[in-house]
>>> print(open('entry.pdb').read())   # PDB, C-alpha atoms, pLDDT in the B column
MODEL        1
ATOM      1  CA  MET A1033    -180.372 127.545 237.307  1.00 62.00           C
ATOM      2  CA  GLN A1034    -178.066 125.081 239.054  1.00 69.00           C
ATOM      3  CA  ALA A1035    -179.102 121.454 239.506  1.00 67.00           C
ATOM      4  CA  GLN A1036    -179.368 121.863 243.269  1.00 67.00           C
ATOM      5  CA  GLU A1037    -181.787 124.752 242.779  1.00 81.00           C
ATOM      6  CA  ILE A1038    -184.283 122.651 240.807  1.00 91.00           C
ATOM      7  CA  LYS A1039    -187.007 121.389 243.107  1.00 94.00           C
ATOM      8  CA  TRP A1040    -188.994 118.354 242.058  1.00 96.00           C
ATOM      9  CA  SER A1041    -191.391 115.644 243.081  1.00 97.00           C
ATOM     10  CA  TYR A1042    -192.228 112.340 241.457  1.00 97.00           C
ATOM     11  CA  SER A1043    -195.497 113.663 240.005  1.00 95.00           C
ATOM     12  CA  GLY A1044    -193.773 116.802 238.712  1.00 96.00           C
ATOM     13  CA  LEU A1045    -190.989 114.830 237.056  1.00 97.00           C
ATOM     14  CA  LYS A1046    -193.580 112.552 235.487  1.00 95.00           C
ATOM     15  CA  ASP A1047    -195.471 115.593 234.160  1.00 95.00           C
ATOM     16  CA  TYR A1048    -192.245 116.934 232.663  1.00 97.00           C
ATOM     17  CA  THR A1049    -191.446 113.604 231.005  1.00 95.00           C
ATOM     18  CA  ASN A1050    -194.948 113.412 229.526  1.00 94.00           C
ATOM     19  CA  CYS A1051    -194.739 116.930 228.071  1.00 96.00           C
ATOM     20  CA  PRO A1052    -192.041 119.521 228.846  1.00 97.00           C
ATOM     21  CA  LYS A1053    -194.130 122.334 227.353  1.00 97.00           C
ATOM     22  CA  GLN A1054    -197.131 121.624 229.561  1.00 96.00           C
ATOM     23  CA  TYR A1055    -194.846 121.346 232.599  1.00 97.00           C
ATOM     24  CA  HIS A1056    -193.313 124.739 231.806  1.00 97.00           C
ATOM     25  CA  GLU A1057    -196.628 126.495 231.213  1.00 97.00           C
ATOM     26  CA  VAL A1058    -198.397 124.969 234.227  1.00 96.00           C
ATOM     27  CA  LYS A1059    -195.718 124.325 236.858  1.00 95.00           C
ATOM     28  CA  ILE A1060    -193.240 127.139 236.211  1.00 95.00           C
ATOM     29  CA  LEU A1061    -194.975 130.006 234.411  1.00 96.00           C
ATOM     30  CA  LYS A1062    -198.372 129.163 235.944  1.00 96.00           C
ATOM     31  CA  ASN A1063    -200.095 130.463 232.832  1.00 96.00           C
ATOM     32  CA  PHE A1064    -202.604 127.613 232.961  1.00 95.00           C
ATOM     33  CA  THR A1065    -204.114 125.430 235.639  1.00 93.00           C
ATOM     34  CA  LYS A1066    -204.983 121.767 235.451  1.00 87.00           C
ATOM     35  CA  LYS A1067    -208.617 121.317 236.392  1.00 85.00           C
ATOM     36  CA  PRO A1068    -209.216 118.238 238.529  1.00 84.00           C
ATOM     37  CA  THR A1069    -211.341 115.587 236.876  1.00 84.00           C
ATOM     38  CA  GLN A1070    -214.133 113.728 238.628  1.00 87.00           C
ATOM     39  CA  GLU A1071    -211.787 110.750 238.888  1.00 87.00           C
ATOM     40  CA  MET A1072    -209.131 112.884 240.567  1.00 87.00           C
ATOM     41  CA  LEU A1073    -211.625 114.358 243.044  1.00 90.00           C
ATOM     42  CA  TYR A1074    -212.895 110.891 243.888  1.00 91.00           C
ATOM     43  CA  GLY A1075    -209.337 109.656 244.365  1.00 91.00           C
ATOM     44  CA  THR A1076    -208.630 112.498 246.808  1.00 92.00           C
ATOM     45  CA  GLU A1077    -211.745 111.678 248.812  1.00 95.00           C
ATOM     46  CA  VAL A1078    -210.866 107.974 248.966  1.00 93.00           C
ATOM     47  CA  HIS A1079    -207.264 108.713 250.005  1.00 93.00           C
ATOM     48  CA  LYS A1080    -208.512 110.853 252.882  1.00 95.00           C
ATOM     49  CA  ALA A1081    -210.957 108.190 254.026  1.00 96.00           C
ATOM     50  CA  LEU A1082    -208.296 105.467 253.935  1.00 95.00           C
ATOM     51  CA  GLU A1083    -205.783 107.691 255.731  1.00 94.00           C
ATOM     52  CA  ASP A1084    -208.241 108.456 258.528  1.00 95.00           C
ATOM     53  CA  TYR A1085    -209.241 104.811 258.930  1.00 95.00           C
ATOM     54  CA  VAL A1086    -205.713 103.406 259.067  1.00 95.00           C
ATOM     55  CA  GLY A1087    -204.098 106.303 260.917  1.00 91.00           C
ATOM     56  CA  GLU A1088    -206.841 107.406 263.308  1.00 90.00           C
ATOM     57  CA  ASN A1089    -209.236 104.444 263.389  1.00 90.00           C
ATOM     58  CA  LYS A1090    -211.943 106.747 262.037  1.00 94.00           C
ATOM     59  CA  PRO A1091    -214.884 104.679 260.722  1.00 95.00           C
ATOM     60  CA  LEU A1092    -215.229 104.438 256.982  1.00 95.00           C
ATOM     61  CA  ALA A1093    -218.247 106.045 255.376  1.00 94.00           C
ATOM     62  CA  LYS A1094    -220.787 103.530 254.118  1.00 94.00           C
ATOM     63  CA  ASN A1095    -219.735 103.906 250.489  1.00 93.00           C
ATOM     64  CA  TYR A1096    -216.095 103.181 251.413  1.00 95.00           C
ATOM     65  CA  GLN A1097    -216.670 100.231 253.726  1.00 95.00           C
ATOM     66  CA  ARG A1098    -215.991  97.835 250.857  1.00 95.00           C
ATOM     67  CA  PHE A1099    -212.297  98.754 251.218  1.00 96.00           C
ATOM     68  CA  GLN A1100    -212.106  97.697 254.860  1.00 96.00           C
ATOM     69  CA  LYS A1101    -210.937  94.125 254.282  1.00 96.00           C
ATOM     70  CA  GLN A1102    -207.970  95.457 252.287  1.00 96.00           C
ATOM     71  CA  LEU A1103    -207.043  97.946 255.022  1.00 96.00           C
ATOM     72  CA  ASP A1104    -207.393  95.848 258.157  1.00 96.00           C
ATOM     73  CA  PRO A1105    -204.164  93.902 257.472  1.00 96.00           C
ATOM     74  CA  LEU A1106    -202.341  97.259 257.370  1.00 96.00           C
ATOM     75  CA  ILE A1107    -203.778  98.229 260.744  1.00 95.00           C
ATOM     76  CA  ASP A1108    -202.675  94.884 262.192  1.00 95.00           C
ATOM     77  CA  MET A1109    -199.056  95.319 261.083  1.00 96.00           C
ATOM     78  CA  ASP A1110    -196.402  95.580 263.780  1.00 96.00           C
ATOM     79  CA  GLY A1111    -194.318  98.734 263.956  1.00 97.00           C
ATOM     80  CA  THR A1112    -194.740 102.499 264.127  1.00 96.00           C
ATOM     81  CA  LYS A1113    -197.214 103.806 261.571  1.00 95.00           C
ATOM     82  CA  TYR A1114    -196.768 107.101 259.737  1.00 96.00           C
ATOM     83  CA  PRO A1115    -199.870 107.835 257.607  1.00 94.00           C
ATOM     84  CA  GLU A1116    -199.469 110.502 254.933  1.00 95.00           C
ATOM     85  CA  HIS A1117    -195.851 110.891 255.930  1.00 97.00           C
ATOM     86  CA  LYS A1118    -194.129 113.902 254.357  1.00 98.00           C
ATOM     87  CA  MET A1119    -190.404 113.661 253.580  1.00 98.00           C
ATOM     88  CA  GLY A1120    -187.831 115.812 251.829  1.00 98.00           C
ATOM     89  CA  LEU A1121    -184.224 115.450 250.715  1.00 98.00           C
ATOM     90  CA  THR A1122    -181.570 118.049 249.989  1.00 97.00           C
ATOM     91  CA  TYR A1123    -179.501 117.976 246.795  1.00 95.00           C
ATOM     92  CA  GLU A1124    -176.870 116.037 248.754  1.00 95.00           C
ATOM     93  CA  ARG A1125    -179.662 113.522 249.468  1.00 96.00           C
ATOM     94  CA  ASN A1126    -179.687 114.281 253.168  1.00 97.00           C
ATOM     95  CA  PRO A1127    -183.024 114.212 254.999  1.00 98.00           C
ATOM     96  CA  CYS A1128    -184.890 117.477 255.499  1.00 98.00           C
ATOM     97  CA  GLY A1129    -188.407 118.658 256.202  1.00 97.00           C
ATOM     98  CA  PHE A1130    -191.057 118.614 253.500  1.00 97.00           C
ATOM     99  CA  TYR A1131    -191.401 122.411 253.701  1.00 96.00           C
ATOM    100  CA  ASP A1132    -187.743 123.253 254.337  1.00 96.00           C
ATOM    101  CA  LYS A1133    -186.342 125.930 252.050  1.00 94.00           C
ATOM    102  CA  GLU A1134    -183.356 123.788 251.096  1.00 94.00           C
ATOM    103  CA  TYR A1135    -185.386 120.787 249.941  1.00 96.00           C
ATOM    104  CA  TRP A1136    -184.481 119.377 246.519  1.00 96.00           C
ATOM    105  CA  VAL A1137    -187.022 116.569 246.194  1.00 97.00           C
ATOM    106  CA  ARG A1138    -189.988 115.745 248.349  1.00 97.00           C
ATOM    107  CA  GLY A1139    -192.858 113.313 248.521  1.00 97.00           C
ATOM    108  CA  ILE A1140    -195.618 111.869 250.672  1.00 97.00           C
ATOM    109  CA  ALA A1141    -195.943 108.194 251.574  1.00 97.00           C
ATOM    110  CA  ASP A1142    -199.610 107.227 251.936  1.00 96.00           C
ATOM    111  CA  LEU A1143    -198.586 104.805 254.663  1.00 97.00           C
ATOM    112  CA  LEU A1144    -195.129 104.159 256.088  1.00 98.00           C
ATOM    113  CA  VAL A1145    -194.625 101.525 258.786  1.00 98.00           C
ATOM    114  CA  VAL A1146    -191.231 101.162 260.454  1.00 98.00           C
ATOM    115  CA  ASN A1147    -190.522  97.956 262.348  1.00 98.00           C
ATOM    116  CA  GLY A1148    -186.891  97.540 263.385  1.00 97.00           C
ATOM    117  CA  ASP A1149    -184.708  97.373 260.271  1.00 98.00           C
ATOM    118  CA  SER A1150    -187.708  96.908 257.963  1.00 98.00           C
ATOM    119  CA  ALA A1151    -190.114  99.397 256.445  1.00 98.00           C
ATOM    120  CA  TYR A1152    -193.449  98.878 254.751  1.00 98.00           C
ATOM    121  CA  ILE A1153    -194.632 101.540 252.322  1.00 98.00           C
ATOM    122  CA  VAL A1154    -198.079 101.439 250.748  1.00 97.00           C
ATOM    123  CA  ASP A1155    -199.436 103.761 248.092  1.00 96.00           C
ATOM    124  CA  TYR A1156    -203.208 103.771 247.609  1.00 96.00           C
ATOM    125  CA  LYS A1157    -204.501 103.838 244.044  1.00 95.00           C
ATOM    126  CA  THR A1158    -208.064 104.327 242.819  1.00 92.00           C
ATOM    127  CA  GLY A1159    -207.332 104.059 239.097  1.00 89.00           C
ATOM    128  CA  SER A1160    -206.588 101.198 236.759  1.00 87.00           C
ATOM    129  CA  SER A1161    -204.064  98.548 237.763  1.00 85.00           C
ATOM    130  CA  LYS A1162    -203.177  97.803 234.141  1.00 87.00           C
ATOM    131  CA  TYR A1163    -199.898  99.752 234.108  1.00 86.00           C
ATOM    132  CA  PRO A1164    -198.476  99.821 237.658  1.00 91.00           C
ATOM    133  CA  ASP A1165    -195.646 102.317 238.119  1.00 92.00           C
ATOM    134  CA  ILE A1166    -193.220 101.188 240.809  1.00 93.00           C
ATOM    135  CA  ASN A1167    -190.840 104.130 240.387  1.00 95.00           C
ATOM    136  CA  GLN A1168    -192.911 106.182 242.793  1.00 94.00           C
ATOM    137  CA  LEU A1169    -192.392 103.424 245.366  1.00 97.00           C
ATOM    138  CA  LYS A1170    -188.683 103.469 244.601  1.00 98.00           C
ATOM    139  CA  LEU A1171    -188.451 107.180 245.392  1.00 98.00           C
ATOM    140  CA  MET A1172    -190.425 106.728 248.611  1.00 98.00           C
ATOM    141  CA  ALA A1173    -188.053 103.920 249.628  1.00 98.00           C
ATOM    142  CA  LEU A1174    -185.031 106.129 248.933  1.00 98.00           C
ATOM    143  CA  MET A1175    -186.495 108.860 251.114  1.00 98.00           C
ATOM    144  CA  ALA A1176    -187.296 106.384 253.886  1.00 98.00           C
ATOM    145  CA  PHE A1177    -183.727 105.043 253.815  1.00 98.00           C
ATOM    146  CA  ALA A1178    -182.457 108.619 254.320  1.00 98.00           C
ATOM    147  CA  HIS A1179    -184.916 109.553 257.076  1.00 98.00           C
ATOM    148  CA  PHE A1180    -184.684 106.274 258.984  1.00 98.00           C
ATOM    149  CA  PRO A1181    -181.034 105.082 259.023  1.00 97.00           C
ATOM    150  CA  GLU A1182    -182.035 101.869 260.773  1.00 98.00           C
ATOM    151  CA  ILE A1183    -184.027 100.643 257.772  1.00 98.00           C
ATOM    152  CA  GLU A1184    -182.203  98.033 255.696  1.00 98.00           C
ATOM    153  CA  VAL A1185    -185.086  96.761 253.567  1.00 98.00           C
ATOM    154  CA  ALA A1186    -188.239  98.478 252.341  1.00 98.00           C
ATOM    155  CA  HIS A1187    -191.207  96.311 251.411  1.00 98.00           C
ATOM    156  CA  THR A1188    -193.462  98.459 249.270  1.00 98.00           C
ATOM    157  CA  GLY A1189    -196.624  98.074 247.273  1.00 97.00           C
ATOM    158  CA  LEU A1190    -199.293  99.732 245.175  1.00 97.00           C
ATOM    159  CA  LEU A1191    -202.731  98.956 246.589  1.00 97.00           C
ATOM    160  CA  PHE A1192    -205.344  99.287 243.847  1.00 96.00           C
ATOM    161  CA  VAL A1193    -208.355  99.392 246.139  1.00 95.00           C
ATOM    162  CA  MET A1194    -210.958  99.451 243.365  1.00 94.00           C
ATOM    163  CA  HIS A1195    -209.632  96.152 242.009  1.00 94.00           C
ATOM    164  CA  GLU A1196    -208.463  94.512 245.252  1.00 94.00           C
ATOM    165  CA  HIS A1197    -205.058  94.167 243.660  1.00 95.00           C
ATOM    166  CA  PHE A1198    -201.679  94.626 245.343  1.00 96.00           C
ATOM    167  CA  VAL A1199    -198.416  95.074 243.407  1.00 96.00           C
ATOM    168  CA  PRO A1200    -195.410  94.482 245.698  1.00 97.00           C
ATOM    169  CA  GLU A1201    -191.786  95.546 245.260  1.00 98.00           C
ATOM    170  CA  THR A1202    -188.834  95.268 247.642  1.00 98.00           C
ATOM    171  CA  PHE A1203    -185.866  97.641 247.865  1.00 98.00           C
ATOM    172  CA  THR A1204    -182.684  97.248 249.913  1.00 98.00           C
ATOM    173  CA  ARG A1205    -180.266  99.813 251.321  1.00 98.00           C
ATOM    174  CA  ASP A1206    -177.222  98.316 249.602  1.00 98.00           C
ATOM    175  CA  LYS A1207    -178.653  99.232 246.174  1.00 98.00           C
ATOM    176  CA  ILE A1208    -179.425 102.888 246.875  1.00 98.00           C
ATOM    177  CA  ASP A1209    -176.978 104.216 244.267  1.00 96.00           C
ATOM    178  CA  SER A1210    -178.389 101.997 241.521  1.00 97.00           C
ATOM    179  CA  TYR A1211    -181.945 103.063 242.386  1.00 97.00           C
ATOM    180  CA  TRP A1212    -181.009 106.725 241.995  1.00 97.00           C
ATOM    181  CA  GLN A1213    -179.621 106.001 238.525  1.00 95.00           C
ATOM    182  CA  ASP A1214    -183.166 105.332 237.326  1.00 93.00           C
ATOM    183  CA  PHE A1215    -184.025 109.005 237.929  1.00 95.00           C
ATOM    184  CA  TRP A1216    -180.864 110.752 236.717  1.00 94.00           C
ATOM    185  CA  TRP A1217    -181.555 110.729 232.973  1.00 93.00           C
ATOM    186  CA  LYS A1218    -184.952 112.375 233.475  1.00 94.00           C
ATOM    187  CA  LEU A1219    -183.448 114.888 235.896  1.00 95.00           C
ATOM    188  CA  GLU A1220    -180.699 115.673 233.396  1.00 94.00           C
ATOM    189  CA  ARG A1221    -183.336 116.401 230.745  1.00 95.00           C
ATOM    190  CA  LEU A1222    -185.130 118.676 233.196  1.00 96.00           C
ATOM    191  CA  GLN A1223    -181.868 120.445 234.020  1.00 94.00           C
ATOM    192  CA  ASN A1224    -181.129 120.919 230.300  1.00 95.00           C
ATOM    193  CA  SER A1225    -184.560 122.453 229.738  1.00 96.00           C
ATOM    194  CA  HIS A1226    -183.943 124.932 232.554  1.00 94.00           C
ATOM    195  CA  ALA A1227    -180.466 125.741 231.246  1.00 93.00           C
ATOM    196  CA  SER A1228    -181.531 126.242 227.610  1.00 95.00           C
ATOM    197  CA  ASN A1229    -185.067 127.467 228.314  1.00 95.00           C
ATOM    198  CA  VAL A1230    -186.282 125.027 225.671  1.00 96.00           C
ATOM    199  CA  TRP A1231    -189.474 123.167 226.547  1.00 97.00           C
ATOM    200  CA  GLN A1232    -190.529 120.992 223.655  1.00 95.00           C
ATOM    201  CA  PRO A1233    -194.164 119.902 223.308  1.00 96.00           C
ATOM    202  CA  ASN A1234    -194.838 116.192 223.200  1.00 94.00           C
ATOM    203  CA  PRO A1235    -198.070 115.538 221.278  1.00 93.00           C
ATOM    204  CA  THR A1236    -199.938 112.464 222.510  1.00 89.00           C
ATOM    205  CA  PRO A1237    -203.567 111.309 222.720  1.00 85.00           C
ATOM    206  CA  LEU A1238    -203.622 113.113 226.099  1.00 82.00           C
ATOM    207  CA  CYS A1239    -203.521 116.511 224.357  1.00 87.00           C
ATOM    208  CA  GLY A1240    -207.318 116.596 224.606  1.00 83.00           C
ATOM    209  CA  TRP A1241    -206.955 116.891 228.384  1.00 85.00           C
ATOM    210  CA  CYS A1242    -204.204 119.527 228.309  1.00 90.00           C
ATOM    211  CA  PRO A1243    -205.037 123.029 229.621  1.00 93.00           C
ATOM    212  CA  VAL A1244    -202.340 124.794 227.541  1.00 94.00           C
ATOM    213  CA  ARG A1245    -204.519 126.396 224.889  1.00 91.00           C
ATOM    214  CA  THR A1246    -201.614 128.275 223.289  1.00 93.00           C
ATOM    215  CA  CYS A1247    -199.833 125.050 222.302  1.00 93.00           C
ATOM    216  CA  GLU A1248    -199.767 124.272 218.594  1.00 92.00           C
ATOM    217  CA  PHE A1249    -201.000 120.771 219.365  1.00 90.00           C
ATOM    218  CA  TYR A1250    -203.909 121.858 221.556  1.00 88.00           C
ATOM    219  CA  LYS A1251    -207.263 120.392 220.625  1.00 80.00           C
ATOM    220  CA  GLU A1252    -210.674 120.502 222.182  1.00 75.00           C
ATOM    221  CA  ARG A1253    -211.666 117.267 223.860  1.00 66.00           C
ATOM    222  CA  ARG A1254    -214.764 115.751 222.391  1.00 57.00           C
TER     223      ARG A1254
ENDMDL
END
>>> encode(input="entry.pdb", output="structure tokens")
Amino acid sequence: MQAQEIKWSYSGLKDYTNCPKQYHEVKILKNFTKKPTQEMLYGTEVHKALEDYVGENKPLAKNYQRFQKQLDPLIDMDGTKYPEHKMGLTYERNPCGFYDKEYWVRGIADLLVVNGDSAYIVDYKTGSSKYPDINQLKLMALMAFAHFPEIEVAHTGLLFVMHEHFVPETFTRDKIDSYWQDFWWKLERLQNSHASNVWQPNPTPLCGWCPVRTCEFYKERR
């Protein structure tokens, strides 16, 4: 498989980095399926509620109204708002549709606001804010730069709504090439696994949550 034929997303690449064997069994062979946890289901529900409130002014359910004071500043922002905005890039890093056959990488920005030469990208989080991962924001900024040529600076942030905590990060167009470098070594590993058909397991404390029962490191979660 050629590099341009490998399709990926940030979550998929993260899954591969965490454990190539699980990625192969779940994402490629589809021998096993990850069952959503209660935390994941709750996160999906919250994301939908926040999307509808910011994007469509749909009232928040009573149990989500505690998030309103964190969301109202987003509603008040100047610019064109794109909630749950789907973007794709070809292997040449040209913009394409999320569902286009020729896409190479794709992702969804929880909220993208474009105001002149500036963009604001927010990713909602319902989990712990202890280990914020800004690389997802970096990929969203790279996609926004490709889809909106007028953008020169992308102000981004992880909004941990459960903790009322915001982690900001700014990216600029003139550093696009250096931002991509942060992904290449992981993509090269993924390419090598496809080329050699070698998918090594990576035993970690997370093995208790892994669905791949045929793995030599599988263990029942207690």
>>> resolve_selection(input="entry.pdb", expression="the PyMOL selection byres ((chain A and resi 1134) around 12)", output="number ranges by chain")
A: 1036-1040, 1120-1133, 1135-1138
>>> resolve_selection(input="entry.pdb", expression="the PyMOL selection byres ((chain A and resi 1175) around 12)", output="PDB file with C-alpha atoms, keeping the file's coordinate frame")
ATOM      1  CA  SER A1041    -191.391 115.644 243.081  1.00 97.00           C
ATOM      2  CA  TYR A1042    -192.228 112.340 241.457  1.00 97.00           C
ATOM      3  CA  HIS A1117    -195.851 110.891 255.930  1.00 97.00           C
ATOM      4  CA  LYS A1118    -194.129 113.902 254.357  1.00 98.00           C
ATOM      5  CA  MET A1119    -190.404 113.661 253.580  1.00 98.00           C
ATOM      6  CA  GLY A1120    -187.831 115.812 251.829  1.00 98.00           C
ATOM      7  CA  LEU A1121    -184.224 115.450 250.715  1.00 98.00           C
ATOM      8  CA  THR A1122    -181.570 118.049 249.989  1.00 97.00           C
ATOM      9  CA  ARG A1125    -179.662 113.522 249.468  1.00 96.00           C
ATOM     10  CA  ASN A1126    -179.687 114.281 253.168  1.00 97.00           C
ATOM     11  CA  PRO A1127    -183.024 114.212 254.999  1.00 98.00           C
ATOM     12  CA  CYS A1128    -184.890 117.477 255.499  1.00 98.00           C
ATOM     13  CA  GLY A1129    -188.407 118.658 256.202  1.00 97.00           C
ATOM     14  CA  PHE A1130    -191.057 118.614 253.500  1.00 97.00           C
ATOM     15  CA  TRP A1136    -184.481 119.377 246.519  1.00 96.00           C
ATOM     16  CA  VAL A1137    -187.022 116.569 246.194  1.00 97.00           C
ATOM     17  CA  ARG A1138    -189.988 115.745 248.349  1.00 97.00           C
ATOM     18  CA  GLY A1139    -192.858 113.313 248.521  1.00 97.00           C
ATOM     19  CA  ILE A1140    -195.618 111.869 250.672  1.00 97.00           C
ATOM     20  CA  ALA A1141    -195.943 108.194 251.574  1.00 97.00           C
ATOM     21  CA  LEU A1144    -195.129 104.159 256.088  1.00 98.00           C
ATOM     22  CA  ALA A1151    -190.114  99.397 256.445  1.00 98.00           C
ATOM     23  CA  ILE A1153    -194.632 101.540 252.322  1.00 98.00           C
ATOM     24  CA  GLN A1168    -192.911 106.182 242.793  1.00 94.00           C
ATOM     25  CA  LEU A1169    -192.392 103.424 245.366  1.00 97.00           C
ATOM     26  CA  LYS A1170    -188.683 103.469 244.601  1.00 98.00           C
ATOM     27  CA  LEU A1171    -188.451 107.180 245.392  1.00 98.00           C
ATOM     28  CA  MET A1172    -190.425 106.728 248.611  1.00 98.00           C
ATOM     29  CA  ALA A1173    -188.053 103.920 249.628  1.00 98.00           C
ATOM     30  CA  LEU A1174    -185.031 106.129 248.933  1.00 98.00           C
ATOM     31  CA  ALA A1176    -187.296 106.384 253.886  1.00 98.00           C
ATOM     32  CA  PHE A1177    -183.727 105.043 253.815  1.00 98.00           C
ATOM     33  CA  ALA A1178    -182.457 108.619 254.320  1.00 98.00           C
ATOM     34  CA  HIS A1179    -184.916 109.553 257.076  1.00 98.00           C
ATOM     35  CA  PHE A1180    -184.684 106.274 258.984  1.00 98.00           C
ATOM     36  CA  PRO A1181    -181.034 105.082 259.023  1.00 97.00           C
ATOM     37  CA  ILE A1183    -184.027 100.643 257.772  1.00 98.00           C
ATOM     38  CA  ALA A1186    -188.239  98.478 252.341  1.00 98.00           C
ATOM     39  CA  PHE A1203    -185.866  97.641 247.865  1.00 98.00           C
ATOM     40  CA  ARG A1205    -180.266  99.813 251.321  1.00 98.00           C
ATOM     41  CA  ILE A1208    -179.425 102.888 246.875  1.00 98.00           C
ATOM     42  CA  TYR A1211    -181.945 103.063 242.386  1.00 97.00           C
ATOM     43  CA  TRP A1212    -181.009 106.725 241.995  1.00 97.00           C
TER      44      TRP A1212
END
>>> atom_distance(input="entry.pdb", atom1="CA of Glu1057 (chain A)", atom2="CA of Glu1220 (chain A)")
19.4 Å
>>> residues_around(input="entry.pdb", residues="Pro1115 (chain A)", least_positions_apart="5", cutoff="6 Å", atoms="only C-alpha atoms", output="list in words")
Gly1087, Asp1142 and Leu1143 of chain A
>>> resolve_selection(input="entry.pdb", expression="the PyMOL selection byres ((chain A and resi 1240-1242) around 6)", output="MDAnalysis selection string")
chainID A and resid 1238:1239 1243:1244 1251:1253
>>> atom_distance(input="entry.pdb", atom1="CA of Gly1159 (chain A)", atom2="CA of Glu1201 (chain A)")
18.8 Å
>>> residues_around(input="entry.pdb", residues="region 1060-1064 of chain A", least_positions_apart="2", cutoff="12 Å", atoms="all atoms listed in the file", output="JSON, numbers by chain")
{"A": [1038, 1039, 1040, 1044, 1047, 1048, 1052, 1053, 1054, 1055, 1056, 1057, 1058, 1066, 1067, 1225, 1226, 1229, 1231, 1242, 1243, 1244, 1245, 1246, 1247]}
>>> residues_around(input="entry.pdb", residues="Pro1164 (chain A)", least_positions_apart="5", cutoff="10 Å", atoms="all atoms listed in the file", output="PDB file with C-alpha atoms, keeping the file's coordinate frame")
ATOM      1  CA  LYS A1157    -204.501 103.838 244.044  1.00 95.00           C
ATOM      2  CA  GLY A1159    -207.332 104.059 239.097  1.00 89.00           C
ATOM      3  CA  GLY A1189    -196.624  98.074 247.273  1.00 97.00           C
ATOM      4  CA  LEU A1190    -199.293  99.732 245.175  1.00 97.00           C
ATOM      5  CA  LEU A1191    -202.731  98.956 246.589  1.00 97.00           C
ATOM      6  CA  PHE A1192    -205.344  99.287 243.847  1.00 96.00           C
ATOM      7  CA  PHE A1198    -201.679  94.626 245.343  1.00 96.00           C
ATOM      8  CA  VAL A1199    -198.416  95.074 243.407  1.00 96.00           C
TER       9      VAL A1199
END
>>> closest_residue(input="entry.pdb", among="A:Leu1219, A:Val1078, A:Met1194, A:Val1086", to="Val1154 (chain A)", atoms="only C-alpha atoms")
A:Val1086
>>> atom_distance(input="entry.pdb", atom1="CA of Ser1043 (chain A)", atom2="CA of Gln1213 (chain A)")
17.7 Å
>>> closest_residue(input="entry.pdb", among="A:Lys1046, A:Lys1059, A:His1187, A:Lys1094", to="Asn1147 (chain A)", atoms="all atoms listed in the file")
A:His1187
>>> closest_residue(input="entry.pdb", among="A:Lys1101, A:Tyr1152, A:Val1193, A:Lys1090", to="Gly1075 (chain A)", atoms="all atoms listed in the file")
A:Val1193
>>> closest_residue(input="entry.pdb", among="A:Asn1234, A:Asp1155, A:Gly1111, A:Gln1070", to="Leu1082 (chain A)", atoms="all atoms listed in the file")
A:Asp1155
>>> closest_residue(input="entry.pdb", among="A:Asp1214, A:Asp1110, A:Glu1116, A:Glu1071", to="Gly1148 (chain A)", atoms="all atoms listed in the file")
A:Asp1110
